[in-house]
Every structure is written in structure tokens, then in C-alpha cells.
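The file query_35.csv comes next; it holds CSV, C-alpha atoms.
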chain,number,residue,atom,x,y,z
R,18,MET,CA,20.6,-2.7,-32.1
R,19,MET,CA,22.8,-2.5,-29.0
R,20,LEU,CA,22.0,-6.1,-28.3
R,21,LYS,CA,23.1,-7.2,-31.8
R,22,LEU,CA,26.3,-5.2,-31.4
R,23,LYS,CA,27.0,-6.8,-28.0
R,24,ARG,CA,26.5,-10.3,-29.5
R,25,PHE,CA,28.8,-9.4,-32.4
R,26,LEU,CA,31.6,-8.3,-30.1
R,27,GLN,CA,31.2,-11.3,-27.9
R,28,ALA,CA,31.6,-13.5,-30.9
R,29,LEU,CA,34.9,-11.9,-31.7
R,30,GLY,CA,38.2,-12.3,-29.8
R,31,PRO,CA,41.2,-13.5,-31.7
R,32,GLY,CA,40.9,-10.7,-34.2
R,33,PHE,CA,41.0,-8.1,-31.5
R,34,ILE,CA,44.1,-9.7,-29.9
R,35,THR,CA,45.8,-9.8,-33.3
R,36,ALA,CA,45.0,-6.1,-33.8
R,37,ALA,CA,46.2,-5.2,-30.4
R,38,VAL,CA,49.6,-6.9,-30.9
R,39,VAL,CA,50.2,-4.6,-33.8
R,40,LEU,CA,48.6,-1.4,-32.5
R,41,GLY,CA,51.2,-0.4,-30.1
R,42,PRO,CA,53.3,2.8,-29.9
R,43,GLY,CA,55.4,1.8,-32.9
R,44,SER,CA,52.3,1.8,-35.1
R,45,LEU,CA,51.0,5.1,-33.8
R,46,THR,CA,54.4,6.7,-34.0
R,47,THR,CA,55.1,5.5,-37.5
R,48,SER,CA,51.7,6.5,-38.8
R,49,THR,CA,51.9,9.9,-37.1
R,50,LYS,CA,55.4,10.6,-38.4
R,51,ILE,CA,54.5,9.6,-42.0
R,52,GLY,CA,51.3,11.7,-41.9
R,53,ALA,CA,53.2,14.7,-40.6
R,54,THR,CA,56.0,14.4,-43.2
R,55,GLN,CA,54.5,12.8,-46.2
R,56,GLY,CA,50.9,13.8,-45.8
R,57,TYR,CA,48.5,11.4,-47.5
R,58,GLU,CA,51.1,10.0,-50.0
R,59,PHE,CA,51.4,6.5,-48.4
R,60,LEU,CA,47.8,5.6,-47.7
R,61,TRP,CA,48.0,3.0,-50.6
R,62,ALA,CA,50.7,1.1,-48.7
R,63,ILE,CA,48.3,0.4,-45.8
R,64,VAL,CA,45.8,-1.1,-48.3
R,65,ILE,CA,48.4,-3.4,-49.8
R,66,ALA,CA,49.7,-4.4,-46.4
R,67,GLY,CA,46.1,-5.0,-45.1
R,68,VAL,CA,45.2,-7.3,-48.0
R,69,SER,CA,48.4,-9.3,-47.5
R,70,MET,CA,47.8,-9.6,-43.8
R,71,ALA,CA,44.2,-10.7,-44.4
R,72,VAL,CA,45.4,-13.4,-46.7
R,73,TYR,CA,47.8,-14.8,-44.2
R,74,THR,CA,45.6,-14.5,-41.1
R,75,GLY,CA,42.8,-16.2,-43.2
R,76,MET,CA,45.2,-19.0,-44.0
R,77,SER,CA,46.1,-19.4,-40.4
R,78,THR,CA,42.5,-19.4,-39.4
R,79,ARG,CA,41.5,-22.0,-41.9
R,80,PHE,CA,44.3,-24.3,-40.6
R,81,ALA,CA,43.0,-23.8,-37.0
R,82,VAL,CA,39.4,-24.8,-37.7
R,83,MET,CA,40.6,-27.9,-39.6
R,84,ASN,CA,43.2,-29.2,-37.1
R,85,GLU,CA,43.5,-29.8,-33.4
R,86,GLU,CA,47.3,-30.0,-33.4
R,87,SER,CA,49.2,-26.7,-33.5
R,88,ILE,CA,50.5,-25.4,-36.8
R,89,LEU,CA,54.2,-25.6,-35.8
R,90,GLY,CA,53.6,-29.2,-34.5
R,91,VAL,CA,52.3,-30.1,-38.0
R,92,ILE,CA,55.2,-28.3,-39.7
R,93,ALA,CA,57.6,-30.3,-37.5
R,94,GLN,CA,55.9,-33.6,-38.5
R,95,LYS,CA,55.5,-32.9,-42.3
R,96,PHE,CA,58.6,-30.8,-43.1
R,97,GLY,CA,61.1,-31.6,-40.2
R,98,LYS,CA,61.7,-30.3,-36.7
R,99,TRP,CA,64.4,-27.9,-38.0
R,100,PHE,CA,61.7,-26.0,-39.8
R,101,SER,CA,59.4,-25.5,-36.8
R,102,VAL,CA,62.5,-24.5,-34.7
R,103,ALA,CA,63.6,-22.0,-37.3
R,104,ILE,CA,60.1,-20.4,-37.4
R,105,GLY,CA,59.9,-20.3,-33.6
R,106,ILE,CA,63.2,-18.5,-33.4
R,107,SER,CA,62.2,-16.1,-36.2
R,108,SER,CA,59.0,-15.3,-34.4
R,109,PHE,CA,61.0,-14.7,-31.2
R,110,LEU,CA,63.3,-12.3,-33.0
R,111,ALA,CA,60.4,-10.5,-34.6
R,112,THR,CA,58.6,-10.0,-31.4
R,113,LEU,CA,61.8,-8.6,-29.8
R,114,SER,CA,61.8,-5.8,-32.3
R,115,PHE,CA,58.2,-4.9,-31.4
R,116,GLN,CA,59.0,-5.3,-27.7
R,117,PHE,CA,61.8,-2.8,-27.9
R,118,GLY,CA,59.3,-0.3,-29.5
R,119,ASN,CA,56.7,-1.0,-26.8
R,120,ASN,CA,59.1,-0.2,-24.0
R,121,LEU,CA,60.2,3.0,-25.8
R,122,GLY,CA,56.6,4.0,-26.2
R,123,ILE,CA,55.8,3.4,-22.5
R,124,GLY,CA,58.8,5.6,-21.6
R,125,MET,CA,57.8,8.4,-23.9
R,126,GLY,CA,54.2,8.4,-22.8
R,127,MET,CA,54.8,8.3,-19.1
R,128,GLU,CA,57.6,10.9,-19.3
R,129,THR,CA,55.0,13.2,-20.9
R,130,LEU,CA,52.5,12.5,-18.1
R,131,THR,CA,54.8,12.6,-15.1
R,132,GLY,CA,58.0,14.4,-16.1
R,133,ILE,CA,60.0,11.4,-14.8
R,134,GLU,CA,62.8,10.2,-17.1
R,135,ALA,CA,61.6,7.8,-19.8
R,136,ARG,CA,64.1,5.0,-19.2
R,137,ILE,CA,62.7,4.4,-15.7
R,138,TRP,CA,59.3,3.3,-16.9
R,139,PRO,CA,60.2,0.1,-18.8
R,140,PHE,CA,61.4,-1.3,-15.4
R,141,VAL,CA,58.0,-0.5,-13.8
R,142,PHE,CA,55.8,-1.8,-16.6
R,143,THR,CA,57.8,-4.9,-17.3
R,144,PHE,CA,57.5,-5.8,-13.6
R,145,PHE,CA,53.7,-5.6,-13.8
R,146,ALA,CA,53.7,-7.6,-17.0
R,147,VAL,CA,55.7,-10.4,-15.4
R,148,LEU,CA,53.2,-10.5,-12.6
R,149,LEU,CA,50.4,-10.7,-15.1
R,150,ILE,CA,52.0,-13.5,-17.0
R,151,PHE,CA,52.8,-15.7,-14.0
R,152,TYR,CA,49.9,-15.0,-11.7
R,153,THR,CA,46.8,-14.4,-13.9
R,154,LYS,CA,44.5,-17.4,-14.4
R,155,ARG,CA,42.8,-17.9,-17.7
R,156,LEU,CA,45.3,-15.4,-19.2
R,157,TYR,CA,43.7,-15.6,-22.7
R,158,ARG,CA,40.3,-14.4,-21.5
R,159,VAL,CA,41.8,-11.5,-19.5
R,160,LEU,CA,43.9,-10.4,-22.6
R,161,GLU,CA,40.8,-10.7,-24.9
R,162,LYS,CA,38.8,-8.4,-22.8
R,163,LEU,CA,41.6,-5.9,-22.3
R,164,MET,CA,42.5,-5.8,-26.0
R,165,MET,CA,38.9,-5.3,-27.0
R,166,TYR,CA,38.3,-2.3,-24.8
R,167,MET,CA,41.7,-0.7,-25.7
R,168,VAL,CA,41.1,-1.1,-29.5
R,169,ILE,CA,37.5,0.3,-29.3
R,170,ILE,CA,38.7,3.3,-27.4
R,171,MET,CA,41.4,4.0,-30.0
R,172,ILE,CA,39.0,3.7,-32.8
R,173,LEU,CA,36.5,6.1,-31.2
R,174,ALA,CA,39.1,8.7,-30.4
R,175,PHE,CA,40.5,8.9,-33.9
R,176,VAL,CA,37.2,8.7,-35.7
R,177,ALA,CA,35.9,11.6,-33.6
R,178,ASN,CA,39.0,13.6,-34.4
R,179,VAL,CA,38.8,13.0,-38.1
R,180,LEU,CA,35.2,14.0,-38.2
R,181,PHE,CA,36.1,17.2,-36.3
R,182,ILE,CA,39.1,18.3,-38.4
R,183,ARG,CA,37.3,17.5,-41.7
R,184,PRO,CA,40.3,16.7,-43.9
R,185,ASP,CA,40.4,17.4,-47.7
R,186,MET,CA,38.7,14.2,-48.9
R,187,LEU,CA,40.1,14.7,-52.5
R,188,LYS,CA,43.6,14.6,-51.2
R,189,VAL,CA,42.8,11.6,-49.0
R,190,ALA,CA,41.5,9.8,-52.1
R,191,GLN,CA,44.6,10.7,-54.1
R,192,GLY,CA,46.7,9.1,-51.3
R,193,PHE,CA,45.4,5.7,-52.2
R,194,VAL,CA,47.1,6.0,-55.7
R,195,PRO,CA,50.8,5.1,-55.7
R,196,ARG,CA,53.0,7.9,-56.9
R,197,THR,CA,56.7,8.6,-57.2
R,198,PHE,CA,58.6,8.8,-53.9
R,199,ALA,CA,62.2,9.2,-53.0
R,200,MET,CA,64.5,6.3,-51.9
R,201,GLN,CA,65.2,8.0,-48.6
R,202,HIS,CA,61.6,7.3,-47.5
R,203,PHE,CA,61.8,3.5,-47.9
R,204,ASP,CA,62.6,3.0,-44.2
R,205,GLN,CA,59.3,4.8,-43.4
R,206,LEU,CA,57.5,2.8,-46.0
R,207,ALA,CA,58.9,-0.4,-44.6
R,208,ALA,CA,57.8,0.6,-41.1
R,209,LEU,CA,54.3,1.5,-42.3
R,210,VAL,CA,53.9,-1.9,-44.0
R,211,GLY,CA,55.2,-3.4,-40.8
R,212,THR,CA,52.4,-1.8,-38.8
R,213,THR,CA,49.9,-3.9,-40.6
R,214,PHE,CA,51.6,-6.9,-42.3
R,215,VAL,CA,52.9,-8.8,-39.2
R,216,LEU,CA,53.4,-12.4,-40.0
R,217,ASN,CA,54.2,-13.7,-36.6
R,218,SER,CA,50.8,-12.3,-35.4
R,219,ALA,CA,49.1,-13.9,-38.5
R,220,LEU,CA,50.7,-17.2,-37.5
R,221,TYR,CA,49.5,-16.9,-33.9
R,222,GLN,CA,46.0,-16.4,-35.1
R,223,SER,CA,45.7,-20.1,-35.5
R,224,TYR,CA,46.6,-20.6,-31.8
R,225,LEU,CA,44.0,-18.0,-30.7
R,226,VAL,CA,41.3,-19.7,-32.8
R,227,GLN,CA,42.1,-23.1,-31.4
R,228,THR,CA,42.1,-21.6,-27.8
R,229,LYS,CA,38.6,-20.2,-28.6
R,230,GLY,CA,37.5,-23.8,-29.4
R,231,TRP,CA,36.3,-23.0,-32.9
R,232,GLY,CA,36.0,-25.9,-35.4
R,233,LEU,CA,35.1,-26.4,-39.0
R,234,LYS,CA,31.5,-25.5,-38.3
R,235,ASP,CA,32.7,-22.1,-37.1
R,236,LYS,CA,34.9,-21.5,-40.2
R,237,ALA,CA,32.8,-18.6,-41.5
R,238,LYS,CA,32.7,-16.9,-38.1
R,239,ALA,CA,36.4,-17.4,-37.6
R,240,ILE,CA,37.3,-15.9,-41.0
R,241,GLN,CA,35.0,-13.0,-40.3
R,242,ASP,CA,36.8,-12.4,-37.0
R,243,SER,CA,40.2,-12.6,-38.7
R,244,ASN,CA,39.2,-10.1,-41.4
R,245,PHE,CA,37.6,-7.8,-38.9
R,246,GLY,CA,40.8,-7.7,-36.9
R,247,VAL,CA,42.9,-6.8,-39.9
R,248,PHE,CA,40.3,-4.2,-40.9
R,249,ILE,CA,40.6,-2.6,-37.4
R,250,LEU,CA,44.4,-2.3,-37.4
R,251,ALA,CA,44.5,-1.0,-41.0
R,252,SER,CA,41.7,1.5,-40.3
R,253,ILE,CA,43.4,2.9,-37.2
R,254,SER,CA,46.7,3.3,-39.2
R,255,LEU,CA,44.8,5.1,-41.9
R,256,LEU,CA,42.9,7.4,-39.4
R,257,VAL,CA,46.2,8.3,-37.6
R,258,ILE,CA,47.9,9.2,-40.9
R,259,VAL,CA,44.9,11.3,-42.1
R,260,THR,CA,44.7,13.1,-38.8
R,261,ALA,CA,48.5,13.9,-38.7
R,262,ALA,CA,48.4,14.9,-42.4
R,263,ALA,CA,45.6,17.3,-41.8
R,264,THR,CA,46.8,18.8,-38.5
R,265,LEU,CA,50.6,18.4,-38.2
R,266,LYS,CA,51.9,18.7,-41.7
R,267,PRO,CA,50.5,22.1,-42.4
R,268,LEU,CA,52.2,23.4,-39.3
R,269,GLY,CA,55.5,21.9,-40.3
R,270,ILE,CA,55.8,20.0,-36.9
R,271,HIS,CA,58.7,17.6,-36.6
R,272,VAL,CA,57.5,14.7,-34.5
R,273,ASN,CA,60.1,14.0,-31.8
R,274,SER,CA,58.0,13.1,-28.7
R,275,ALA,CA,54.6,11.9,-27.5
R,276,ALA,CA,53.7,15.6,-26.8
R,277,ASP,CA,54.3,16.4,-30.5
R,278,MET,CA,52.1,13.5,-31.6
R,279,ALA,CA,49.4,14.6,-29.2
R,280,LEU,CA,49.1,17.9,-31.1
R,281,GLN,CA,47.0,16.1,-33.7
R,282,LEU,CA,44.2,15.7,-31.1
R,283,GLU,CA,44.4,19.2,-29.8
R,284,LEU,CA,41.6,20.5,-31.9
R,285,LEU,CA,39.2,18.0,-30.3
R,286,LEU,CA,40.7,17.8,-26.8
R,287,GLY,CA,42.2,21.2,-26.3
R,288,GLN,CA,44.8,21.7,-23.6
R,289,TYR,CA,44.1,18.2,-22.3
R,290,ALA,CA,45.2,16.5,-25.6
R,291,LYS,CA,48.8,16.0,-24.4
R,292,TYR,CA,47.8,14.1,-21.3
R,293,ILE,CA,44.9,12.1,-22.8
R,294,PHE,CA,47.1,11.1,-25.7
R,295,ALA,CA,49.9,10.1,-23.3
R,296,ILE,CA,47.6,8.0,-21.3
R,297,GLY,CA,46.3,6.2,-24.4
R,298,PHE,CA,49.8,5.9,-25.8
R,299,SER,CA,51.1,4.3,-22.6
R,300,ALA,CA,48.1,2.0,-22.3
R,301,ALA,CA,48.5,0.9,-25.9
R,302,ALA,CA,52.1,0.2,-25.3
R,303,PHE,CA,51.5,-1.8,-22.2
R,304,SER,CA,48.7,-4.0,-23.8
R,305,SER,CA,50.9,-4.6,-26.8
R,306,LEU,CA,53.9,-5.2,-24.5
R,307,VAL,CA,52.1,-8.1,-22.8
R,308,ILE,CA,50.3,-9.8,-25.7
R,309,ASN,CA,53.4,-9.4,-28.1
R,310,ALA,CA,55.5,-11.2,-25.5
R,311,VAL,CA,52.9,-13.9,-25.3
R,312,VAL,CA,53.0,-14.4,-29.0
R,313,GLY,CA,56.8,-14.6,-29.2
R,314,GLY,CA,57.1,-16.9,-26.2
R,315,GLY,CA,54.3,-19.2,-27.3
R,316,LEU,CA,55.6,-19.6,-30.8
R,317,LEU,CA,59.2,-20.2,-29.7
R,318,SER,CA,58.1,-22.8,-27.1
R,319,ASP,CA,55.9,-24.6,-29.6
R,320,GLY,CA,58.6,-24.4,-32.3
R,321,LEU,CA,61.0,-26.1,-29.9
R,322,GLY,CA,58.4,-28.7,-29.0
R,323,MET,CA,58.1,-27.5,-25.4
R,324,GLY,CA,54.4,-26.7,-25.3
R,325,GLN,CA,52.1,-24.0,-26.7
R,326,SER,CA,49.6,-23.1,-24.0
R,327,MET,CA,50.2,-20.2,-21.6
R,328,GLU,CA,49.2,-22.6,-18.9
R,329,ASN,CA,52.4,-24.5,-19.5
R,330,LYS,CA,55.8,-23.6,-17.9
R,331,MET,CA,58.0,-23.0,-20.9
R,332,PRO,CA,55.8,-20.6,-22.9
R,333,ARG,CA,55.6,-18.4,-19.8
R,334,ILE,CA,59.4,-18.5,-19.3
R,335,PHE,CA,60.1,-17.6,-22.9
R,336,THR,CA,57.4,-14.8,-22.6
R,337,VAL,CA,59.2,-13.3,-19.6
R,338,THR,CA,62.5,-13.6,-21.4
R,339,ILE,CA,61.1,-11.4,-24.2
R,340,LEU,CA,59.8,-8.9,-21.7
R,341,LEU,CA,63.3,-8.6,-20.0
R,342,ILE,CA,65.3,-8.5,-23.2
R,343,GLY,CA,63.0,-5.9,-24.8
R,344,MET,CA,63.2,-3.8,-21.7
R,345,GLY,CA,67.0,-4.0,-21.7
R,346,ILE,CA,67.3,-3.0,-25.4
R,347,ALA,CA,64.9,-0.1,-24.9
R,348,ILE,CA,66.8,1.3,-21.9
R,349,TYR,CA,70.1,1.1,-23.8
R,350,VAL,CA,68.7,2.8,-26.9
R,351,SER,CA,67.0,5.5,-25.0
R,352,SER,CA,70.3,6.2,-23.2
R,353,ASP,CA,72.7,6.1,-26.1
R,354,ILE,CA,71.1,6.5,-29.5
R,355,GLY,CA,69.4,9.9,-30.0
R,356,ASN,CA,65.9,10.3,-31.3
R,357,PRO,CA,63.4,7.9,-29.6
R,358,VAL,CA,60.8,8.5,-32.4
R,359,TYR,CA,63.2,7.4,-35.1
R,360,SER,CA,64.2,4.5,-32.9
R,361,LEU,CA,60.5,3.5,-32.7
R,362,ILE,CA,60.2,3.6,-36.5
R,363,ILE,CA,63.4,1.5,-36.9
R,364,ALA,CA,62.1,-1.0,-34.4
R,365,GLN,CA,58.8,-1.3,-36.2
R,366,ALA,CA,60.5,-1.7,-39.6
R,367,SER,CA,63.1,-4.2,-38.3
R,368,SER,CA,60.3,-6.6,-37.1
R,369,ILE,CA,59.9,-7.7,-40.7
R,370,LEU,CA,63.4,-9.1,-41.0
R,371,ALA,CA,62.7,-12.4,-39.3
R,372,VAL,CA,59.4,-13.3,-40.8
R,373,PRO,CA,59.7,-14.4,-44.5
R,374,LEU,CA,60.2,-18.0,-43.2
R,375,ILE,CA,56.8,-17.8,-41.5
R,376,ALA,CA,55.2,-17.0,-44.9
R,377,VAL,CA,56.9,-20.0,-46.5
R,378,GLY,CA,55.7,-22.3,-43.7
R,379,LEU,CA,52.1,-21.1,-44.0
R,380,ILE,CA,52.1,-21.4,-47.8
R,381,LEU,CA,53.5,-25.0,-47.6
R,382,VAL,CA,51.0,-26.1,-45.0
R,383,LEU,CA,48.0,-24.6,-46.6
R,384,ASN,CA,48.7,-26.3,-49.9
R,385,ARG,CA,49.0,-29.8,-48.4
R,386,LYS,CA,45.9,-31.9,-49.3
R,387,ASP,CA,46.7,-34.4,-46.5
R,388,ILE,CA,46.5,-31.5,-44.0
R,389,MET,CA,43.8,-29.2,-45.4
R,390,GLY,CA,41.7,-31.4,-47.7
R,391,GLU,CA,39.3,-29.4,-49.8
R,392,HIS,CA,40.0,-26.3,-47.7
R,393,ARG,CA,43.6,-25.9,-49.0
R,394,ASN,CA,44.6,-22.7,-50.9
R,395,ASN,CA,43.1,-22.1,-54.3
R,396,THR,CA,45.0,-20.5,-57.1
R,397,PHE,CA,43.9,-17.0,-56.3
R,398,GLN,CA,44.9,-17.3,-52.6
R,399,ASN,CA,48.3,-18.6,-53.7
R,400,VAL,CA,48.8,-15.7,-56.0
R,401,LEU,CA,48.0,-13.2,-53.2
R,402,ALA,CA,50.1,-15.1,-50.7
R,403,THR,CA,53.1,-15.1,-53.1
R,404,LEU,CA,52.7,-11.4,-53.8
R,405,GLY,CA,52.7,-10.8,-50.1
R,406,PHE,CA,55.8,-12.9,-49.7
R,407,LEU,CA,57.6,-11.0,-52.4
R,408,LEU,CA,56.6,-7.7,-50.8
R,409,MET,CA,58.1,-8.9,-47.5
R,410,CYS,CA,61.3,-10.0,-49.2
R,411,ILE,CA,61.8,-6.6,-50.9
R,412,LEU,CA,61.2,-4.7,-47.6
R,413,VAL,CA,63.6,-7.0,-45.8
R,414,TYR,CA,66.3,-6.2,-48.3
R,415,ILE,CA,65.7,-2.5,-47.9
R,416,MET,CA,65.7,-2.7,-44.1
R,417,VAL,CA,68.9,-4.7,-43.9
R,418,THR,CA,70.7,-1.7,-45.6
R,419,LYS,CA,68.9,0.8,-43.4
R,420,LEU,CA,69.8,-1.0,-40.2
R,421,LEU,CA,73.4,-1.5,-41.1
R,422,THR,CA,73.6,2.3,-41.6
R,423,TYR,CA,71.5,3.1,-38.5
R,424,PHE,CA,73.8,1.0,-36.2
R,425,LYS,CA,76.9,2.3,-38.0
R,426,ILE,CA,78.0,-1.1,-39.2
R,427,VAL,CA,78.7,0.2,-42.7
Could you show the structure in this file as C-alpha cells?
Amino acid sequence: MMLKLKRFLQALGPGFITAAVVLGPGSLTTSTKIGATQGYEFLWAIVIAGVSMAVYTGMSTRFAVMNEESILGVIAQKFGKWFSVAIGISSFLATLSFQFGNNLGIGMGMETLTGIEARIWPFVFTFFAVLLIFYTKRLYRVLEKLMMYMVIIMILAFVANVLFIRPDMLKVAQGFVPRTFAMQHFDQLAALVGTTFVLNSALYQSYLVQTKGWGLKDKAKAIQDSNFGVFILASISLLVIVTAAATLKPLGIHVNSAADMALQLELLLGQYAKYIFAIGFSAAAFSSLVINAVVGGGLLSDGLGMGQSMENKMPRIFTVTILLIGMGIAIYVSSDIGNPVYSLIIAQASSILAVPLIAVGLILVLNRKDIMGEHRNNTFQNVLATLGFLLMCILVYIMVTKLLTYFKIV
């Protein structure tokens, strides 16, 4: 049994990395905040977002096993260089939103652990991330191993906690049925969908599959890996919401720090919960910080026609640029704009602003017979992809209004 499990995990890789990109501090914070305030009400949103993400990662994976050239390279050839450049820039902007949240998460977690001011820590961890990017050989394999262990640890921690607290399963089941909710919660809903439906990560799945060396004969395995990665990230979001709903909401706790979030693990871990959660929170932030920057840097570089592999110069330079800008924004926000938890939620939600163009690119490519042959989208896949695109557009409209208010532009 253990041998079969080991072989199964060894066969995976891209799915774990995709999950780890999303499962940073923004995801954990957003899910905790929503569970603590709304209870089980928004569990249905995770399912919808998960299905949408699975559709787009599946599309990206099918392209990868069919083609040796990168997806942005094909888009540039078939639809014009401007399109690949626009997608590259959109991906860069989306990853900056996540990066801002990752830096805030590192600061929150390390301040809880050490008592040293939160805004110091982005400097420290960004420095180590830059060293990793420039001086690690075979970066993909290192990241694959790191992400796999981090994600497994998070799953085990929250599964154990849910089993221990024994939530009301009837209420959990009711949470999967959409009900009436107030307009003021749309920013949280957008952030929650943004924790799972992350199109720049879905697009980068094709690069990860190609790096793995999988071809058409590996299609079934690659799709399985893709779906497994989405299942992991959706499941962790669900587990965090259920845990927070069962532990924090009855106590009326307002989540304003990593220590507040750690209270949901206190039943299982006792007085050590705060420190163990802070370690995991910081580690998740750092792993997401690195791989998220790699995604944004790689997609921007390839979109501009400057190379896609992290062994090349320009993807590394763009990756480091994301690390530095994300650090700077986080330090500014933590110094000048109030509540870091709400800032994390805004960062998570605003990541969706730049990505509808990615959805358009994937849909166009996956419907071209000269690119995909008999493996192009069927009618059902196109319907699901279109619904996912419409969902993203609605959330973008909502978040534009919220962000204008948040930054006091209107």
C-alpha cells in the first residue's frame, strides 16, 4: 500500500506546484476570515471555482501533451505577437497581487513567532528567494519536492483538526447550496473564488507538463495530475472554512492576525497552536512567494519572446523583479494602510483583474483544429469554459468597484 502511494506521488508534480502557487497566506487568510464571519455559507463557491479551475488546467494540460512549443509561442504565431505580449503582462500583474499577499503573510507569521515587526521580514525572505532563483540548479525539481511536502503537511494538519472538532455535518452540507447573501460580502466572495480559480496558474500548467517531458501517451496521467492538484487546493480551502466556521464563528472572533487564525487549531494543538500555525503560515507564504514569482516571470518572458525556461536569463530577471516589487508594495501597505488581514483579502481578490485575457487565449487555442487536432475542446468543455469566463468577468467588475473604494480613488 505504501509503495503504491509512493509511486502515485512520484508520478505527480505539476499539480502539486499549481496547488502550492495558490495555497499561500492569502488563501488561508481568506478562507479563515470567511469561515469565521460567514460560517459555512460560501462552501458552494469553492465547488464552482474548483470546477472552473479544473476545466482550464485540463485545457492547458491537453495543449502541453500535444505540442512541444510553448502555448504563448503558439498564440503569438496564430493570433499575433500583441496577444502573447498582453497575456504575459496580464500574468505578470496577476502574480504581483499574489506576491503582495505572500509578503504580508510572511510578515504576519514571523511577527507572531518572533515579536519582530512584520515589515522587516519581506526583506529577509525576498533575499533568500533571490538566492534560490539565481543559484539553484534544476530549479523545477527542487520546487516540485518542496511544494509536495508543504501541501501534504497542510492537508494532514487540517484533516486532523476537522476530525477532532467534529463540525455539524448537516450545516456543512447546507453550505454547498447557494443562498441569499448581502452585497457587502462580494469582495470576500471574489477573494474566495480567487483562492481556487487562478488562471495564470492554469496557463502555467502547460509549461510544467512540458518540463516534465510528458507527451500524448501520458495524456491520461497528466490530466489526472491536473485534476488532483485542483482537488487538493479546493479541499484545503474547504477544510479551512469548515474549521474556522466550527471554532472561530461561535466565539465571535474577528480575525485580524495570524494569532487569531491559529485559534482554529487550538483544540488540536493546545498552547502550541499559535506557534505551529505561524510556522506553517510563514512556510506556505515563502513557498508560494517563490513559485508564484517563477510563474509570473516565466509567462512574461515567454509572452515577450525572451525565453520560457528558468535556465534562461530573462525569466530569472523578471522573476526577481516580481519578488522585489511585491516586497515593496507589501512593506508600503503594512506601514500605511491599516488591517493586514483585509489587505490580504484584497490582494487575493485583485489577482483576478488581469486574467480574463488568459481565458480567451486558452479557449481560442484549444478550439483550433490545426493546433489540437481531435483533442480540441468539445461542446461540453466549451460550455464550462465559457461559464468560467463569465464568472471571472462578473468578479472583475465587482472587484474594480471595491478596489476603487479601498484605495480611496472614488
Set out as CSV a contact list for segment 222-249 of chain R and segment 51-68 of chain R with a cut-off of 12 Å, giving each residue of segment 222-249 of chain R that qualifies its closest atom pair and distance in Å to one decimal, counting all atoms listed in the file, ordered by chain and rising residue number.
residue,atom,partner,partner_atom,distance
R:Ser243,CA,R:Gly67,CA,11.6
R:Asn244,CA,R:Gly67,CA,9.3
R:Phe245,CA,R:Gly67,CA,10.9
R:Gly246,CA,R:Gly67,CA,10.1
R:Val247,CA,R:Gly67,CA,6.4
R:Phe248,CA,R:Gly67,CA,7.2
R:Ile249,CA,R:Gly67,CA,9.8
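In this structure, atom CA of Leu180 of chain R sits 20.5 Å away from atom CA of Lys50 of chain R.
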Non-local contacts of segment 137-146 of chain R (9 Å; all atoms listed in the file; under 4 positions in same chain excluded) as an mmCIF file with C-alpha atoms, keeping the file's coordinate frame:
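Contents of result.cif, freshly written:
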data_model
loop_
_atom_site.group_PDB
_atom_site.id
_atom_site.type_symbol
_atom_site.label_atom_id
_atom_site.label_comp_id
_atom_site.auth_asym_id
_atom_site.auth_seq_id
_atom_site.Cartn_x
_atom_site.Cartn_y
_atom_site.Cartn_z
ATOM 1 C CA ASN R 119 56.700 -1.000 -26.800
ATOM 2 C CA ASN R 120 59.100 -0.200 -24.000
ATOM 3 C CA LEU R 121 60.200 3.000 -25.800
ATOM 4 C CA ILE R 123 55.800 3.400 -22.500
ATOM 5 C CA GLY R 124 58.800 5.600 -21.600
ATOM 6 C CA MET R 125 57.800 8.400 -23.900
ATOM 7 C CA MET R 127 54.800 8.300 -19.100
ATOM 8 C CA GLU R 128 57.600 10.900 -19.300
ATOM 9 C CA ILE R 133 60.000 11.400 -14.800
ATOM 10 C CA ILE R 150 52.000 -13.500 -17.000
ATOM 11 C CA PHE R 151 52.800 -15.700 -14.000
ATOM 12 C CA PHE R 303 51.500 -1.800 -22.200
ATOM 13 C CA LEU R 306 53.900 -5.200 -24.500
ATOM 14 C CA VAL R 307 52.100 -8.100 -22.800
ATOM 15 C CA VAL R 337 59.200 -13.300 -19.600
ATOM 16 C CA LEU R 340 59.800 -8.900 -21.700
ATOM 17 C CA LEU R 341 63.300 -8.600 -20.000
ATOM 18 C CA GLY R 343 63.000 -5.900 -24.800
ATOM 19 C CA MET R 344 63.200 -3.800 -21.700
ATOM 20 C CA GLY R 345 67.000 -4.000 -21.700
ATOM 21 C CA ALA R 347 64.900 -0.100 -24.900
ATOM 22 C CA ILE R 348 66.800 1.300 -21.900
#
Between atom CA of Gln116 of chain R and atom CA of Val413 of chain R, distance in Å (one decimal):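 Between these atoms lies a distance of 18.8 Å.
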Shortest interatomic distance to Leu110 of chain R - which of R:Thr74, R:Thr131, R:Thr396, R:Asn217, counting only C-alpha atoms: R:Asn217
Given all atoms listed in the file as the counted atoms, nearest of R:Asp235, R:Leu317, R:Leu383, R:Leu265 to Asn395 of chain R: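 Counting all atoms listed in the file, the residue closest to Asn395 of chain R is R:Leu383.
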Which of R:Gln227, R:Asn399, R:Thr78, R:Thr129 sits closest to Ser299 of chain R [using all atoms listed in the file]: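 Nearest to Ser299 of chain R: R:Thr129.
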Counting only C-alpha atoms, the residue of R:Gly320, R:Pro267, R:Gly118, R:Gly211 that sits nearest Ala302 of chain R: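 Smallest separation from Ala302 of chain R among the options: R:Gly118.
Of note, atom CA of Ser87 of chain R and atom CA of Gln325 of chain R are spaced 7.9 Å apart.
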Pick from R:Val72, R:Ile411, R:Met331, R:Leu206 nearest to Asp319 of chain R, counting all atoms listed in the file: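 Closest to Asp319 of chain R of all the choices is R:Met331.
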Contacts of Leu408 of chain R at 10 Å (only C-alpha atoms; same-chain gap of 2+ positions) as number ranges by chain: R: 65-66, 69, 207, 210, 214, 373, 402-406, 410-413
Is there a way to complete segment 333-341 of chain R with N, CA and C atoms and then write that out as a short mmCIF file (atom, residue, chain, number, x, y, z; two decimals), in the coordinates of the input?
data_model
loop_
_atom_site.label_atom_id
_atom_site.label_comp_id
_atom_site.auth_asym_id
_atom_site.auth_seq_id
_atom_site.Cartn_x
_atom_site.Cartn_y
_atom_site.Cartn_z
N ARG R 333 55.57 -19.53 -20.71
CA ARG R 333 55.60 -18.40 -19.80
C ARG R 333 57.07 -17.94 -19.57
N ILE R 334 57.98 -18.90 -19.46
CA ILE R 334 59.40 -18.50 -19.30
C ILE R 334 59.93 -17.78 -20.48
N PHE R 335 59.62 -18.26 -21.69
CA PHE R 335 60.10 -17.60 -22.90
C PHE R 335 59.41 -16.20 -23.02
N THR R 336 58.15 -16.10 -22.61
CA THR R 336 57.40 -14.80 -22.60
C THR R 336 58.13 -13.80 -21.74
N VAL R 337 58.48 -14.21 -20.54
CA VAL R 337 59.20 -13.30 -19.60
C VAL R 337 60.56 -12.96 -20.14
N THR R 338 61.21 -13.90 -20.81
CA THR R 338 62.50 -13.60 -21.40
C THR R 338 62.41 -12.48 -22.43
N ILE R 339 61.36 -12.52 -23.26
CA ILE R 339 61.10 -11.40 -24.20
C ILE R 339 60.90 -10.12 -23.52
N LEU R 340 60.11 -10.15 -22.47
CA LEU R 340 59.80 -8.90 -21.70
C LEU R 340 61.14 -8.31 -21.17
N LEU R 341 62.02 -9.14 -20.64
CA LEU R 341 63.30 -8.60 -20.00
C LEU R 341 64.25 -8.14 -21.08
#
